[in-house]
$ cat coords08.pdb   # PDB, C-alpha atoms
ATOM      1  CA  MET A 601     220.308  41.655  26.121
ATOM      2  CA  ARG A 602     216.683  42.140  25.172
ATOM      3  CA  SER A 603     217.538  41.498  21.529
ATOM      4  CA  GLY A 604     219.137  38.219  22.624
ATOM      5  CA  ALA A 605     215.977  37.233  24.466
ATOM      6  CA  ARG A 606     213.936  38.178  21.408
ATOM      7  CA  ILE A 607     215.962  36.104  18.952
ATOM      8  CA  ALA A 608     215.955  33.101  21.301
ATOM      9  CA  ALA A 609     212.231  33.355  22.150
ATOM     10  CA  PRO A 610     211.177  31.198  19.166
ATOM     11  CA  LEU A 611     213.390  28.430  20.576
ATOM     12  CA  PHE A 612     211.858  28.595  24.054
ATOM     13  CA  PRO A 613     209.161  25.953  23.388
ATOM     14  CA  ALA A 614     211.706  23.606  21.803
ATOM     15  CA  ALA A 615     214.110  24.054  24.729
ATOM     16  CA  ALA A 616     211.286  23.435  27.196
ATOM     17  CA  ALA A 617     210.096  20.347  25.316
ATOM     18  CA  LEU A 618     213.616  18.927  25.158
ATOM     19  CA  GLY A 619     214.030  19.745  28.852
ATOM     20  CA  ALA A 620     210.820  17.860  29.605
ATOM     21  CA  SER A 621     212.056  14.832  27.698
ATOM     22  CA  PHE A 622     215.286  14.966  29.689
ATOM     23  CA  GLY A 623     213.258  15.144  32.914
ATOM     24  CA  VAL A 624     211.287  12.053  31.936
ATOM     25  CA  LEU A 625     214.439  10.191  30.942
ATOM     26  CA  ALA A 626     216.153  11.153  34.200
ATOM     27  CA  ARG A 627     213.306   9.681  36.224
ATOM     28  CA  THR A 628     213.364   6.419  34.293
ATOM     29  CA  ALA A 629     217.121   6.283  35.055
ATOM     30  CA  HIS A 630     216.290   6.629  38.773
ATOM     31  CA  LEU A 631     217.445  10.202  39.234
ATOM     32  CA  GLY A 632     215.305  12.143  41.682
ATOM     33  CA  ALA A 633     213.382  15.131  40.340
ATOM     34  CA  LEU A 634     215.636  17.485  42.300
ATOM     35  CA  ALA A 635     218.807  15.916  40.892
ATOM     36  CA  ALA A 636     217.417  16.250  37.358
ATOM     37  CA  VAL A 637     216.592  19.933  37.858
ATOM     38  CA  VAL A 638     219.949  20.666  39.510
ATOM     39  CA  MET A 639     221.698  18.996  36.591
ATOM     40  CA  SER A 640     219.817  21.106  34.041
ATOM     41  CA  ALA A 641     220.475  24.287  36.019
ATOM     42  CA  THR A 642     224.216  23.660  36.346
ATOM     43  CA  THR A 643     225.292  21.614  33.311
ATOM     44  CA  PHE A 644     222.834  23.304  30.906
ATOM     45  CA  ALA A 645     223.817  21.166  27.918
ATOM     46  CA  GLY A 646     221.249  18.763  26.516
ATOM     47  CA  SER A 647     223.205  16.038  24.781
ATOM     48  CA  ALA A 648     225.713  15.657  27.639
ATOM     49  CA  GLN A 649     222.954  15.374  30.235
ATOM     50  CA  VAL A 650     221.088  12.799  28.177
ATOM     51  CA  ALA A 651     224.307  10.804  27.756
ATOM     52  CA  ALA A 652     225.176  10.860  31.467
ATOM     53  CA  VAL A 653     221.685   9.827  32.502
ATOM     54  CA  SER A 654     221.497   7.100  29.856
ATOM     55  CA  VAL A 655     224.760   5.593  31.099
ATOM     56  CA  LEU A 656     223.479   5.651  34.690
ATOM     57  CA  GLY A 657     220.149   4.170  33.617
ATOM     58  CA  ALA A 658     221.961   1.305  31.897
ATOM     59  CA  GLY A 659     223.877   0.614  35.103
ATOM     60  CA  GLY A 660     227.123   2.006  33.671
ATOM     61  CA  GLY A 661     228.613   3.641  36.752
ATOM     62  CA  VAL A 662     229.526   7.203  37.676
ATOM     63  CA  ALA A 663     232.918   7.370  35.944
ATOM     64  CA  ALA A 664     231.529   6.201  32.609
ATOM     65  CA  ALA A 665     228.624   8.648  32.871
ATOM     66  CA  VAL A 666     230.902  11.592  33.666
ATOM     67  CA  VAL A 667     233.380  10.771  30.883
ATOM     68  CA  ALA A 668     230.592  10.395  28.302
ATOM     69  CA  ALA A 669     229.063  13.731  29.292
ATOM     70  CA  LEU A 670     232.306  15.686  29.444
ATOM     71  CA  LEU A 671     233.428  14.353  26.049
ATOM     72  CA  LEU A 672     230.219  15.770  24.602
ATOM     73  CA  ASN A 673     230.823  19.073  26.358
ATOM     74  CA  ALA A 674     234.494  19.296  25.387
ATOM     75  CA  ARG A 675     233.417  21.363  22.371
ATOM     76  CA  TYR A 676     232.670  24.195  24.794
ATOM     77  CA  ALA A 677     236.407  24.779  25.206
ATOM     78  CA  PRO A 678     236.952  25.837  21.553
ATOM     79  CA  ILE A 679     233.531  27.508  21.527
ATOM     80  CA  GLY A 680     234.515  29.566  24.581
ATOM     81  CA  ILE A 681     237.886  30.441  23.069
ATOM     82  CA  SER A 682     236.178  31.671  19.892
ATOM     83  CA  ILE A 683     234.287  34.323  21.872
ATOM     84  CA  GLY A 684     236.554  34.764  24.906
ATOM     85  CA  ARG A 685     237.808  38.169  23.814
ATOM     86  CA  ALA A 686     234.302  39.652  24.024
ATOM     87  CA  PHE A 687     233.890  39.057  27.769
ATOM     88  CA  ARG A 688     234.404  41.857  30.294
ATOM     89  CA  GLY A 689     234.927  42.284  34.025
ATOM     90  CA  GLY A 690     236.665  40.159  36.646
ATOM     91  CA  PRO A 691     237.289  36.420  36.360
ATOM     92  CA  LEU A 692     234.293  35.521  38.557
ATOM     93  CA  ARG A 693     231.892  37.508  36.418
ATOM     94  CA  ARG A 694     233.364  36.025  33.219
ATOM     95  CA  PHE A 695     233.120  32.531  34.734
ATOM     96  CA  ALA A 696     229.459  33.106  35.599
ATOM     97  CA  GLU A 697     228.523  34.652  32.248
ATOM     98  CA  ALA A 698     230.254  31.808  30.395
ATOM     99  CA  GLN A 699     227.719  29.370  31.867
ATOM    100  CA  LEU A 700     225.072  30.844  29.551
ATOM    101  CA  VAL A 701     226.979  29.588  26.530
ATOM    102  CA  VAL A 702     225.173  26.798  24.706
ATOM    103  CA  ASP A 703     225.379  25.963  21.005
ATOM    104  CA  GLU A 704     222.235  27.934  20.254
ATOM    105  CA  SER A 705     223.027  31.104  22.256
ATOM    106  CA  TRP A 706     226.551  31.112  20.812
ATOM    107  CA  ALA A 707     225.321  30.779  17.220
ATOM    108  CA  LEU A 708     222.493  33.299  17.614
ATOM    109  CA  ALA A 709     224.890  35.868  19.063
ATOM    110  CA  GLY A 710     227.192  35.587  16.037
ATOM    111  CA  GLY A 711     229.498  32.660  16.845
ATOM    112  CA  GLY A 712     233.204  33.443  16.762
ATOM    113  CA  THR A 713     232.847  36.258  14.217
ATOM    114  CA  PRO A 714     233.579  39.931  14.927
ATOM    115  CA  ARG A 715     229.768  40.376  14.844
ATOM    116  CA  PHE A 716     229.557  38.414  18.126
ATOM    117  CA  ASP A 717     227.553  40.319  20.744
ATOM    118  CA  ARG A 718     228.094  39.308  24.380
ATOM    119  CA  ARG A 719     224.870  40.824  25.686
ATOM    120  CA  ARG A 720     222.888  39.092  22.991
ATOM    121  CA  LEU A 721     224.492  35.808  24.100
ATOM    122  CA  LEU A 722     223.441  36.476  27.694
ATOM    123  CA  GLY A 723     219.845  37.335  26.730
ATOM    124  CA  ALA A 724     219.538  34.278  24.491
ATOM    125  CA  GLY A 725     221.253  32.045  27.067
ATOM    126  CA  MET A 726     218.948  33.151  29.880
ATOM    127  CA  THR A 727     215.849  32.577  27.766
ATOM    128  CA  LEU A 728     216.975  29.071  26.836
ATOM    129  CA  TRP A 729     218.033  28.342  30.422
ATOM    130  CA  VAL A 730     214.583  29.164  31.779
ATOM    131  CA  GLY A 731     212.939  26.946  29.152
ATOM    132  CA  TRP A 732     215.404  24.113  29.712
ATOM    133  CA  VAL A 733     215.219  24.107  33.526
ATOM    134  CA  GLY A 734     211.459  24.708  33.614
ATOM    135  CA  GLY A 735     210.896  21.938  31.078
ATOM    136  CA  THR A 736     213.090  19.577  33.075
ATOM    137  CA  ALA A 737     211.069  20.242  36.225
ATOM    138  CA  LEU A 738     207.801  19.555  34.388
ATOM    139  CA  GLY A 739     209.111  16.359  32.812
ATOM    140  CA  ALA A 740     210.647  15.104  36.047
ATOM    141  CA  LEU A 741     207.446  15.721  37.989
ATOM    142  CA  LEU A 742     204.895  14.595  35.400
ATOM    143  CA  GLY A 743     206.950  11.666  34.134
ATOM    144  CA  HIS A 744     205.501   9.724  31.239
ATOM    145  CA  ALA A 745     202.371  11.844  31.224
ATOM    146  CA  ALA A 746     204.611  14.364  29.418
ATOM    147  CA  GLY A 747     204.846  11.934  26.498
ATOM    148  CA  ASN A 748     207.713  10.814  24.315
ATOM    149  CA  PRO A 749     209.184  13.734  22.343
ATOM    150  CA  ALA A 750     210.474  11.474  19.581
ATOM    151  CA  SER A 751     206.893  10.738  18.632
ATOM    152  CA  PHE A 752     206.207  14.366  17.737
ATOM    153  CA  GLY A 753     209.420  15.066  15.889
ATOM    154  CA  LEU A 754     211.379  17.107  18.418
ATOM    155  CA  ASP A 755     214.666  15.448  17.430
ATOM    156  CA  GLY A 756     214.135  16.433  13.799
ATOM    157  CA  ALA A 757     213.211  19.952  14.892
ATOM    158  CA  PHE A 758     216.683  20.307  16.390
ATOM    159  CA  ALA A 759     218.261  18.959  13.199
ATOM    160  CA  ALA A 760     216.411  21.701  11.297
ATOM    161  CA  LEU A 761     217.385  24.292  13.901
ATOM    162  CA  PHE A 762     221.080  23.501  13.488
ATOM    163  CA  VAL A 763     220.689  23.778   9.710
ATOM    164  CA  ALA A 764     219.428  27.325  10.261
ATOM    165  CA  LEU A 765     222.209  28.130  12.749
ATOM    166  CA  VAL A 766     224.956  26.976  10.398
ATOM    167  CA  ALA A 767     223.305  28.792   7.487
ATOM    168  CA  GLY A 768     223.599  32.025   9.463
ATOM    169  CA  GLN A 769     227.377  31.540   9.465
ATOM    170  CA  LEU A 770     227.843  30.974   5.741
ATOM    171  CA  ARG A 771     228.942  34.383   4.562
ATOM    172  CA  GLY A 772     231.798  34.092   2.068
ATOM    173  CA  ARG A 773     233.839  31.191   0.808
ATOM    174  CA  SER A 774     235.943  30.207   3.806
ATOM    175  CA  PRO A 775     233.006  29.598   6.164
ATOM    176  CA  VAL A 776     231.436  27.366   3.506
ATOM    177  CA  THR A 777     234.712  25.452   3.174
ATOM    178  CA  ALA A 778     234.987  25.122   6.963
ATOM    179  CA  ALA A 779     231.371  23.893   7.223
ATOM    180  CA  LEU A 780     231.752  21.294   4.461
ATOM    181  CA  ILE A 781     234.965  19.943   5.946
ATOM    182  CA  GLY A 782     233.552  20.007   9.475
ATOM    183  CA  ALA A 783     230.504  18.038   8.368
ATOM    184  CA  SER A 784     232.708  15.536   6.535
ATOM    185  CA  ILE A 785     234.966  15.032   9.555
ATOM    186  CA  ALA A 786     231.911  14.357  11.714
ATOM    187  CA  ALA A 787     230.446  11.900   9.219
ATOM    188  CA  VAL A 788     233.703   9.961   8.993
ATOM    189  CA  LEU A 789     234.328   9.853  12.749
ATOM    190  CA  ILE A 790     230.839   9.216  14.166
ATOM    191  CA  PRO A 791     230.984   5.456  13.442
ATOM    192  CA  VAL A 792     234.475   4.994  14.873
ATOM    193  CA  THR A 793     234.860   7.296  17.903
ATOM    194  CA  ALA A 794     233.023   8.007  21.141
ATOM    195  CA  PRO A 795     230.177  10.565  20.851
ATOM    196  CA  GLY A 796     231.577  14.077  21.220
ATOM    197  CA  VAL A 797     234.948  13.337  19.656
ATOM    198  CA  PRO A 798     233.732  13.956  16.069
ATOM    199  CA  ILE A 799     232.636  17.476  17.048
ATOM    200  CA  ILE A 800     235.990  18.296  18.630
ATOM    201  CA  ALA A 801     237.797  16.895  15.588
ATOM    202  CA  ALA A 802     235.630  19.080  13.352
ATOM    203  CA  THR A 803     237.332  22.174  14.776
ATOM    204  CA  ALA A 804     240.268  21.178  12.547
ATOM    205  CA  ALA A 805     238.083  22.305   9.648
ATOM    206  CA  ALA A 806     238.459  25.891  10.840
ATOM    207  CA  PHE A 807     242.239  25.609  10.331
ATOM    208  CA  VAL A 808     241.790  24.165   6.835
ATOM    209  CA  GLY A 809     239.340  26.894   5.832
ATOM    210  CA  TRP A 810     241.695  29.433   7.324
ATOM    211  CA  SER A 811     244.866  28.301   5.560
ATOM    212  CA  ARG A 812     243.031  28.306   2.229
ATOM    213  CA  ALA A 813     241.612  31.786   2.719
TER     214      ALA A 813
ATOM    215  CA  MET B1482     226.034  10.199  48.314
ATOM    216  CA  SER B1483     224.154   8.304  45.629
ATOM    217  CA  SER B1484     225.850   7.679  42.308
ATOM    218  CA  ALA B1485     223.221   9.840  40.600
ATOM    219  CA  TRP B1486     224.160  12.883  42.683
ATOM    220  CA  ALA B1487     227.877  12.192  42.257
ATOM    221  CA  ALA B1488     227.397  12.203  38.473
ATOM    222  CA  VAL B1489     225.281  15.370  38.595
ATOM    223  CA  LEU B1490     227.904  17.253  40.597
ATOM    224  CA  LEU B1491     230.931  16.009  38.641
ATOM    225  CA  VAL B1492     229.377  16.667  35.221
ATOM    226  CA  GLY B1493     228.273  20.100  36.439
ATOM    227  CA  ALA B1494     231.713  21.019  37.749
ATOM    228  CA  GLY B1495     233.478  19.753  34.618
ATOM    229  CA  THR B1496     231.092  21.642  32.351
ATOM    230  CA  PHE B1497     231.542  24.851  34.384
ATOM    231  CA  VAL B1498     235.258  24.659  33.652
ATOM    232  CA  LEU B1499     234.913  23.737  29.955
ATOM    233  CA  LYS B1500     232.523  26.609  29.310
ATOM    234  CA  ALA B1501     234.606  29.135  31.257
ATOM    235  CA  VAL B1502     238.077  28.327  29.881
ATOM    236  CA  GLY B1503     237.831  30.711  26.921
ATOM    237  CA  PRO B1504     235.988  33.622  28.562
ATOM    238  CA  VAL B1505     238.257  33.538  31.636
ATOM    239  CA  ALA B1506     241.557  33.016  29.793
ATOM    240  CA  VAL B1507     241.240  35.245  26.733
ATOM    241  CA  ALA B1508     238.890  37.970  27.963
ATOM    242  CA  GLY B1509     239.613  41.473  26.756
ATOM    243  CA  ARG B1510     242.725  40.436  24.781
ATOM    244  CA  ARG B1511     243.460  42.033  21.468
ATOM    245  CA  VAL B1512     243.409  39.237  18.948
ATOM    246  CA  PRO B1513     245.549  39.556  15.805
ATOM    247  CA  ALA B1514     243.534  39.796  12.599
ATOM    248  CA  ARG B1515     244.745  36.406  11.375
ATOM    249  CA  ALA B1516     243.636  34.682  14.565
ATOM    250  CA  ASP B1517     240.358  36.559  14.317
ATOM    251  CA  ARG B1518     239.636  34.954  10.973
ATOM    252  CA  LEU B1519     240.465  31.519  12.374
ATOM    253  CA  LEU B1520     238.137  31.959  15.383
ATOM    254  CA  ALA B1521     235.336  33.077  13.048
ATOM    255  CA  LEU B1522     235.575  29.742  11.202
ATOM    256  CA  LEU B1523     235.033  27.669  14.362
ATOM    257  CA  ALA B1524     231.281  28.309  14.314
ATOM    258  CA  PRO B1525     230.598  27.033  10.777
ATOM    259  CA  ALA B1526     232.890  24.037  11.403
ATOM    260  CA  ILE B1527     231.334  23.028  14.731
ATOM    261  CA  LEU B1528     227.726  23.816  13.789
ATOM    262  CA  ALA B1529     227.998  21.840  10.533
ATOM    263  CA  ALA B1530     229.352  18.876  12.504
ATOM    264  CA  LEU B1531     226.400  19.227  14.881
ATOM    265  CA  VAL B1532     223.979  19.160  11.930
ATOM    266  CA  VAL B1533     225.422  15.809  10.836
ATOM    267  CA  ASP B1534     225.307  14.580  14.430
ATOM    268  CA  GLU B1535     221.720  15.706  15.104
ATOM    269  CA  THR B1536     220.491  14.363  11.754
ATOM    270  CA  PHE B1537     222.276  11.052  11.264
ATOM    271  CA  ALA B1538     223.977   9.883  14.469
ATOM    272  CA  THR B1539     222.439   7.188  16.631
ATOM    273  CA  GLY B1540     225.134   6.263  19.091
ATOM    274  CA  ARG B1541     228.034   5.200  16.918
ATOM    275  CA  SER B1542     226.157   4.617  13.704
ATOM    276  CA  LEU B1543     224.969   6.858  10.926
ATOM    277  CA  VAL B1544     221.360   6.203  10.008
ATOM    278  CA  VAL B1545     218.897   7.824   7.638
ATOM    279  CA  ASP B1546     215.601   8.022   9.502
ATOM    280  CA  ALA B1547     212.738  10.451  10.071
ATOM    281  CA  ARG B1548     215.156  13.132  11.306
ATOM    282  CA  SER B1549     216.529  13.407   7.765
ATOM    283  CA  ALA B1550     213.111  14.638   6.643
ATOM    284  CA  GLY B1551     213.250  17.256   9.393
ATOM    285  CA  ALA B1552     216.691  18.424   8.331
ATOM    286  CA  ALA B1553     215.700  18.488   4.649
ATOM    287  CA  ALA B1554     212.606  20.515   5.487
ATOM    288  CA  GLY B1555     214.858  22.802   7.516
ATOM    289  CA  VAL B1556     217.077  23.376   4.467
ATOM    290  CA  LEU B1557     214.031  24.267   2.342
ATOM    291  CA  ALA B1558     212.703  26.580   5.056
ATOM    292  CA  VAL B1559     216.064  28.333   5.384
ATOM    293  CA  LEU B1560     216.367  28.710   1.595
ATOM    294  CA  SER B1561     212.916  30.314   1.501
ATOM    295  CA  ARG B1562     214.054  32.710   4.229
ATOM    296  CA  ALA B1563     211.613  31.415   6.847
ATOM    297  CA  PRO B1564     212.014  32.873  10.354
ATOM    298  CA  LEU B1565     213.702  30.678  12.957
ATOM    299  CA  TRP B1566     210.499  29.582  14.719
ATOM    300  CA  LEU B1567     209.076  28.403  11.409
ATOM    301  CA  VAL B1568     212.240  26.441  10.603
ATOM    302  CA  VAL B1569     211.889  24.607  13.929
ATOM    303  CA  VAL B1570     208.160  23.936  13.450
ATOM    304  CA  VAL B1571     208.621  22.751   9.864
ATOM    305  CA  GLY B1572     211.438  20.450  11.037
ATOM    306  CA  ALA B1573     209.255  18.956  13.767
ATOM    307  CA  VAL B1574     206.232  18.468  11.507
ATOM    308  CA  ALA B1575     208.246  16.907   8.670
ATOM    309  CA  THR B1576     209.923  14.530  11.120
ATOM    310  CA  ALA B1577     206.645  13.543  12.750
ATOM    311  CA  ILE B1578     205.027  12.888   9.363
ATOM    312  CA  ALA B1579     208.022  10.869   8.144
ATOM    313  CA  ARG B1580     207.859   8.864  11.374
ATOM    314  CA  LEU B1581     204.183   8.058  10.798
ATOM    315  CA  PHE B1582     205.054   6.460   7.466
ATOM    316  CA  SER B1583     208.172   4.604   8.521
TER     317      SER B1583
END
$ encode --input "coords08.pdb" --output "structure tokens"
Amino acid sequence: MRSGARIAAPLFPAAAALGASFGVLARTAHLGALAAVVMSATTFAGSAQVAAVSVLGAGGGVAAAVVAALLLNARYAPIGISIGRAFRGGPLRRFAEAQLVVDESWALAGGGTPRFDRRRLLGAGMTLWVGWVGGTALGALLGHAAGNPASFGLDGAFAALFVALVAGQLRGRSPVTAALIGASIAAVLIPVTAPGVPIIAATAAAFVGWSRA
Amino acid sequence: MSSAWAAVLLVGAGTFVLKAVGPVAVAGRRVPARADRLLALLAPAILAALVVDETFATGRSLVVDARSAGAAAGVLAVLSRAPLWLVVVVGAVATAIARLFS
């Protein structure tokens, strides 16, 4: 678990900064500070939270906000299935531990490969959770004094981070095939489907890479 | 209950379930070797899609903006075997610089 915390530590400032930007956004969308922090503590998934709050802020209604967020989080079903076999203990414990799964903790702990290490996932997930929730609290309380993260390149930092996370998966030919096809599926679908759908569709790339292996 | 709290609770509950489906349903099962290889390919497929999303997606359009500089710098940093923290910093700096000039 400590090794998980260690590998995720470099991402702590980025998670906290993104959390702060979510906190600021939540306040501008008329969420209370407590609601923003509760959302970060329970949902613990950046893009979905931003989507839900943006819909609410634009006056879009609860149903639209929930659907937008859950579409973005639908990828956690295949992600969870890819590592499900590594979990131990009763259903309640597995349910609780699964909440520490985010893209970054999953990737840092090995993704769906046999190298996947559950305790590393938990250590990384906890580290990111503390940064995310703490950052949200700061952003929600300080508001615009926390600044606009886009102006200092935080969004691009996450683009670079995901480049590194996918690079860590590219051992051998089939992962490279799966990554290229997954990226292509996303690029084709982003303009024509709701956000979140392209990522789910990209799981098909795993089947293509698999059948060609 | 305000609509904000309703959304917070519903998104939270839905996400709890989505994250837990795999760990609760397939925990401790022996997975056949063929399925094992398939599951291992989910990470490169999903993470590569997320790279495209994080770099180019703005709502429903694909745009080349300052984030592309961050992603490109990330590729260079990864190729030169930079540690993860440096990849993130280089991505942020490149994006911020590109944004200054755009």
$ resolve_selection --input "coords08.pdb" --expression "the PyMOL selection byres ((chain A and resi 697) around 12)" --output "PyMOL selection string"
(chain A and resi 680+683-684+686-696+698-702+705+718-726) or (chain B and resi 1497+1500-1505+1508)
$ resolve_selection --input "coords08.pdb" --expression "the PyMOL selection byres ((chain B and resi 1570-1576) around 8)" --output "list in words"
Phe752, Gly753, Leu754, Asp755, Gly756, Ala757, Phe758, Ala759, Ala760 and Leu761 of chain A; Ala1547, Arg1548, Ser1549, Ala1550, Gly1551, Ala1552, Ala1553, Ala1554, Gly1555, Ala1558, Trp1566, Leu1567, Val1568, Val1569, Ala1577, Ile1578, Ala1579 and Arg1580 of chain B
$ resolve_selection --input "coords08.pdb" --expression "the PyMOL selection byres ((chain B and resi 1512-1514) around 12)" --output "MDAnalysis selection string"
(chainID A and resid 681:686 712:714 810) or (chainID B and resid 1507:1511 1515:1521)
$ closest_atom_pairs --input "coords08.pdb" --of "segment 638-695 of chain A" --to "segment 1522-1537 of chain B" --cutoff "9 Å" --atoms "all atoms listed in the file" --output "CSV"
residue,atom,partner,partner_atom,distance
A:Arg675,CA,B:Ile1527,CA,8.1
A:Pro678,CA,B:Leu1523,CA,7.7
A:Ile679,CA,B:Leu1523,CA,7.3
A:Ser682,CA,B:Leu1523,CA,6.9
$ write_last_selection --input "coords08.pdb" --atoms "C-alpha atoms" --output "CSV table (one decimal), keeping the file's coordinate frame"
chain,number,residue,atom,x,y,z
A,675,ARG,CA,233.4,21.4,22.4
A,678,PRO,CA,237.0,25.8,21.6
A,679,ILE,CA,233.5,27.5,21.5
A,682,SER,CA,236.2,31.7,19.9
$ axis_aligned_box --input "coords08.pdb" --around "segment 789-796 of chain A" --padding-each-side "8 Å" --output "AutoDock Vina command-line options"
--center_x 232.5 --center_y 9.5 --center_z 17.0 --size_x 20.7 --size_y 25.1 --size_z 24.5
$ residues_near_point --input "coords08.pdb" --point "(230.4, 14.8, 20.2)" --cutoff "10 Å" --atoms "only C-alpha atoms" --output "number ranges by chain"
A: 647-648, 668-675, 786, 789-790, 793-802; B: 1527, 1530-1531, 1534, 1538
$ atom_distance --input "coords08.pdb" --atom1 "atom CA of Tyr676 of chain A" --atom2 "atom CA of Gly782 of chain A"
15.9 Å
$ atom_distance --input "coords08.pdb" --atom1 "atom CA of Ala805 of chain A" --atom2 "atom CA of Ile781 of chain A"
5.4 Å
$ build_atoms --input "coords08.pdb" --residues "segment 748-767 of chain A" --atoms "N, CA and C atoms" --output "JSON list (two decimals), in the coordinates of the input"
[["chain", "number", "residue", "atom", "x", "y", "z"],
["A", 748, "ASN", "N", 206.40, 11.07, 24.88],
["A", 748, "ASN", "CA", 207.71, 10.81, 24.32],
["A", 748, "ASN", "C", 207.97, 11.80, 23.18],
["A", 749, "PRO", "N", 208.97, 12.67, 23.33],
["A", 749, "PRO", "CA", 209.18, 13.73, 22.34],
["A", 749, "PRO", "C", 209.50, 13.20, 20.96],
["A", 750, "ALA", "N", 210.12, 12.01, 20.90],
["A", 750, "ALA", "CA", 210.47, 11.47, 19.58],
["A", 750, "ALA", "C", 209.23, 11.31, 18.74],
["A", 751, "SER", "N", 208.10, 11.01, 19.40],
["A", 751, "SER", "CA", 206.89, 10.74, 18.63],
["A", 751, "SER", "C", 206.35, 12.00, 17.97],
["A", 752, "PHE", "N", 206.68, 13.19, 18.48],
["A", 752, "PHE", "CA", 206.21, 14.37, 17.74],
["A", 752, "PHE", "C", 207.32, 15.14, 17.04],
["A", 753, "GLY", "N", 208.44, 14.48, 16.80],
["A", 753, "GLY", "CA", 209.42, 15.07, 15.89],
["A", 753, "GLY", "C", 210.37, 16.10, 16.47],
["A", 754, "LEU", "N", 210.51, 16.11, 17.80],
["A", 754, "LEU", "CA", 211.38, 17.11, 18.42],
["A", 754, "LEU", "C", 212.84, 16.95, 17.99],
["A", 755, "ASP", "N", 213.27, 15.67, 17.83],
["A", 755, "ASP", "CA", 214.67, 15.45, 17.43],
["A", 755, "ASP", "C", 214.94, 16.05, 16.05],
["A", 756, "GLY", "N", 213.99, 15.86, 15.13],
["A", 756, "GLY", "CA", 214.14, 16.43, 13.80],
["A", 756, "GLY", "C", 214.05, 17.95, 13.81],
["A", 757, "ALA", "N", 213.29, 18.50, 14.77],
["A", 757, "ALA", "CA", 213.21, 19.95, 14.89],
["A", 757, "ALA", "C", 214.59, 20.53, 15.21],
["A", 758, "PHE", "N", 215.34, 19.81, 16.05],
["A", 758, "PHE", "CA", 216.68, 20.31, 16.39],
["A", 758, "PHE", "C", 217.64, 20.14, 15.21],
["A", 759, "ALA", "N", 217.46, 19.09, 14.41],
["A", 759, "ALA", "CA", 218.26, 18.96, 13.20],
["A", 759, "ALA", "C", 218.02, 20.17, 12.29],
["A", 760, "ALA", "N", 216.75, 20.54, 12.13],
["A", 760, "ALA", "CA", 216.41, 21.70, 11.30],
["A", 760, "ALA", "C", 216.96, 22.99, 11.91],
["A", 761, "LEU", "N", 216.87, 23.09, 13.23],
["A", 761, "LEU", "CA", 217.38, 24.29, 13.90],
["A", 761, "LEU", "C", 218.88, 24.47, 13.63],
["A", 762, "PHE", "N", 219.64, 23.38, 13.72],
["A", 762, "PHE", "CA", 221.08, 23.50, 13.49],
["A", 762, "PHE", "C", 221.39, 23.81, 12.03],
["A", 763, "VAL", "N", 220.53, 23.37, 11.11],
["A", 763, "VAL", "CA", 220.69, 23.78, 9.71],
["A", 763, "VAL", "C", 220.60, 25.30, 9.62],
["A", 764, "ALA", "N", 219.60, 25.87, 10.31],
["A", 764, "ALA", "CA", 219.43, 27.32, 10.26],
["A", 764, "ALA", "C", 220.61, 28.03, 10.94],
["A", 765, "LEU", "N", 221.10, 27.48, 12.04],
["A", 765, "LEU", "CA", 222.21, 28.13, 12.75],
["A", 765, "LEU", "C", 223.48, 28.12, 11.91],
["A", 766, "VAL", "N", 223.74, 27.01, 11.22],
["A", 766, "VAL", "CA", 224.96, 26.98, 10.40],
["A", 766, "VAL", "C", 224.77, 27.88, 9.18],
["A", 767, "ALA", "N", 223.55, 27.93, 8.65],
["A", 767, "ALA", "CA", 223.30, 28.79, 7.49],
["A", 767, "ALA", "C", 223.61, 30.25, 7.81]]
